[in-house]
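Peer 1: Here it is: the structure, laid out below.
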Amino acid sequence: MLAPLPAEEPVAPAVVSEEPVAEPVAEETAAEEPPPAARSARRPAARAAAPRLDGQQFFVGWAPKPAGERKVLDQLADAPTARAVRRLLLAGVKAEGPVHRDRLARLAAGAYGLTRVTEARRDALLGLLPAEVLVGDVVWPQGTAPADYTGFRRQISGADRPLEHVAPEEIGNAMVALCRAGAGVAQEELFLRTAEVFGYRRRTPSLAPLLERALGLVLASGRLVRTDDGALAAATTD
């Protein structure tokens, strides 16, 4: 069960604890200019770009424009107001779905001057959506079933979207793509590489339960299997 969300406060930037991925920057020196051949030999190789995986897209966060004053969120019993807020929520689902319910509610409320909302406020906002789009903690685009979703979205940084706000199905899809790209991956290596897909340099303890849950889903569905030596591999029929 989710812990109650903090009380409403004015807009404030969120702080993400995990260390985001950053590209290395070549170090400049003021040494005497060597011959071209020597410069080429001494120059460190740039980090190769991560290969594109099957089903991979890139995450683009939803940034709604201001939609009104805070008091609008206290008038959801008014039918025209409810319709306007519903349209905003559906735009968020279309832009970012599958999206965690807390994230969707926070971003939508931010369009009315709030970025943190109470649990009651969140539930009131989500209550404007069709009931079938909310599955567990995740809001899915209309017509998209979690079991049929095979995509995932790579991120530059975990600050773009914390892993706890990524659908377990999406994390599992990244695991399947990583295993499909290799001949077999040890579990710890798979967890590290999956964390990197979602913008984390290291697999910290707080990420472990999220990764384990996603792995459990794809193992249970048969999309990943364990080989005789304990490695993880994509099922040949996946």
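Labels used: A, B, ... for chains in the order of the structure tokens, numbers from 1 for residues in each chain, and numbers from 1 for ligands as shown.
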Please identify all polymer residues within 9 Å of Glu169 in chain A, counting only C-alpha atoms, omitting same-chain residues fewer than 6 positions from it, and present them as a ChimeraX atom specification.
Peer 2: /A:146-147,149-152,214,217-218
Peer 1: Could you check which of A:Leu215, A:Asn173, A:Ala233, A:Leu73 is closest to Asp148 in chain A, using only C-alpha atoms?
Peer 2: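 Among the listed residues, A:Asn173 lies closest to Asp148 in chain A.
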Peer 1: Would you mind listing what lies within 9 Å of range 185-199 of chain A as a CSV table (one decimal) with C-alpha atoms, in the first residue's frame, with only C-alpha atoms counted and same-chain residues fewer than 5 positions away left out?
Peer 2:
```
chain,number,residue,atom,x,y,z
A,19,GLU,CA,23.2,9.2,-9.5
A,20,PRO,CA,22.2,10.1,-13.1
A,21,VAL,CA,24.2,9.1,-16.1
A,22,ALA,CA,26.5,11.8,-17.5
A,50,ALA,CA,24.6,2.5,-26.4
A,153,ARG,CA,11.8,4.2,-23.3
A,154,ARG,CA,15.5,4.9,-22.7
A,155,GLN,CA,16.4,7.9,-20.5
A,156,ILE,CA,19.5,10.0,-20.2
A,157,SER,CA,19.0,10.5,-16.5
A,158,GLY,CA,17.1,8.9,-13.7
A,159,ALA,CA,16.0,12.5,-12.8
A,160,ASP,CA,13.9,12.5,-16.0
A,161,ARG,CA,11.6,9.8,-14.5
A,162,PRO,CA,12.5,7.9,-11.3
A,163,LEU,CA,12.5,4.1,-11.7
A,166,VAL,CA,8.3,3.3,-14.6
A,171,ILE,CA,11.3,-2.4,-17.1
A,172,GLY,CA,10.7,-6.0,-18.0
A,174,ALA,CA,14.0,-3.6,-21.5
A,175,MET,CA,15.3,-6.7,-19.8
A,178,LEU,CA,18.9,-6.7,-23.4
A,179,CYS,CA,18.8,-10.5,-23.2
A,207,LEU,CA,16.4,-0.1,-7.2
A,208,ALA,CA,16.7,-3.8,-6.4
A,211,LEU,CA,14.2,-4.7,-10.9
A,212,GLU,CA,13.3,-7.9,-9.1
A,215,LEU,CA,12.2,-9.7,-13.7
A,230,GLY,CA,21.8,-19.7,-14.3
A,231,ALA,CA,22.1,-16.9,-16.9
A,232,LEU,CA,19.0,-15.2,-18.3
A,233,ALA,CA,18.1,-15.5,-22.0
```
Peer 1: Using only C-alpha atoms, find each residue in range 141-225 of chain A having at least one atom no more than 8 Å away from range 92-101 of chain A; report its shortest atom-to-atom pair and that distance in Å (one decimal), rows by chain then rising number, as a tab-separated table.
Peer 2:
```
residue	atom	partner	partner_atom	distance
A:Pro141	CA	A:Gly97	CA	5.6
A:His165	CA	A:His100	CA	5.1
A:Val166	CA	A:His100	CA	6.7
A:Ala167	CA	A:Pro98	CA	6.7
```
Peer 1: Next, write the just-selected residues to a file, as a PDB file, in the first residue's frame, keeping all heavy atoms as the atom set.
Peer 2:
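Saved to selection-v5.pdb:
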```pdb
ATOM      1  N   PRO A 141      -2.608   4.059 -21.678  1.00  0.00           N
ATOM      2  CA  PRO A 141      -3.409   4.648 -22.758  1.00  0.00           C
ATOM      3  C   PRO A 141      -4.615   3.764 -23.069  1.00  0.00           C
ATOM      4  O   PRO A 141      -4.536   2.536 -22.972  1.00  0.00           O
ATOM      5  CB  PRO A 141      -2.427   4.683 -23.938  1.00  0.00           C
ATOM      6  CG  PRO A 141      -1.069   4.668 -23.313  1.00  0.00           C
ATOM      7  CD  PRO A 141      -1.205   3.823 -22.082  1.00  0.00           C
ATOM      8  N   HIS A 165       8.604   5.204 -10.886  1.00  0.00           N
ATOM      9  CA  HIS A 165       7.500   5.705 -11.704  1.00  0.00           C
ATOM     10  C   HIS A 165       7.467   5.077 -13.092  1.00  0.00           C
ATOM     11  O   HIS A 165       6.700   5.507 -13.950  1.00  0.00           O
ATOM     12  CB  HIS A 165       7.578   7.226 -11.822  1.00  0.00           C
ATOM     13  CG  HIS A 165       7.111   7.945 -10.595  1.00  0.00           C
ATOM     14  ND1 HIS A 165       7.174   9.312 -10.449  1.00  0.00           N
ATOM     15  CD2 HIS A 165       6.557   7.470  -9.447  1.00  0.00           C
ATOM     16  CE1 HIS A 165       6.683   9.654  -9.266  1.00  0.00           C
ATOM     17  NE2 HIS A 165       6.309   8.555  -8.640  1.00  0.00           N
ATOM     18  N   VAL A 166       8.280   4.060 -13.307  1.00  0.00           N
ATOM     19  CA  VAL A 166       8.267   3.321 -14.571  1.00  0.00           C
ATOM     20  C   VAL A 166       7.455   2.044 -14.367  1.00  0.00           C
ATOM     21  O   VAL A 166       7.651   1.325 -13.385  1.00  0.00           O
ATOM     22  CB  VAL A 166       9.696   2.980 -15.039  1.00  0.00           C
ATOM     23  CG1 VAL A 166       9.660   2.239 -16.376  1.00  0.00           C
ATOM     24  CG2 VAL A 166      10.539   4.239 -15.150  1.00  0.00           C
ATOM     25  N   ALA A 167       6.549   1.758 -15.284  1.00  0.00           N
ATOM     26  CA  ALA A 167       5.729   0.554 -15.164  1.00  0.00           C
ATOM     27  C   ALA A 167       6.617  -0.685 -15.123  1.00  0.00           C
ATOM     28  O   ALA A 167       7.583  -0.784 -15.895  1.00  0.00           O
ATOM     29  CB  ALA A 167       4.758   0.457 -16.339  1.00  0.00           C
TER      30      ALA A 167
END
```
Peer 1: For CA of Leu76 in chain A and CA of Glu132 in chain A, determine how far apart the two atoms are, in Å to one decimal place.
Peer 2: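 Computed distance, CA of Leu76 in chain A to CA of Glu132 in chain A, equals 20.3 Å.
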Peer 1: Rounded to one decimal in Å, what is the spacing between CA of Ala124 in chain A and CA of Asp102 in chain A?
Peer 2: 12.0 Å
Peer 1: To one decimal place in Å, what is the distance between CA of Ala235 in chain A and CA of Arg223 in chain A?
Peer 2: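 CA of Ala235 in chain A sits 5.3 Å away from CA of Arg223 in chain A.
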Peer 1: If we count only C-alpha atoms and set the cut-off at 9 Å, which residues sit around range 128-130 of chain A, ignoring sequence neighbours fewer than 4 positions away in its own chain? Please answer as a list in words.
Peer 2: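 The filter keeps Leu76, Ala82, Arg83, Val85, Arg86, Leu89, Leu90, Asp123, Ala124, Leu134 and Gln142 of chain A.
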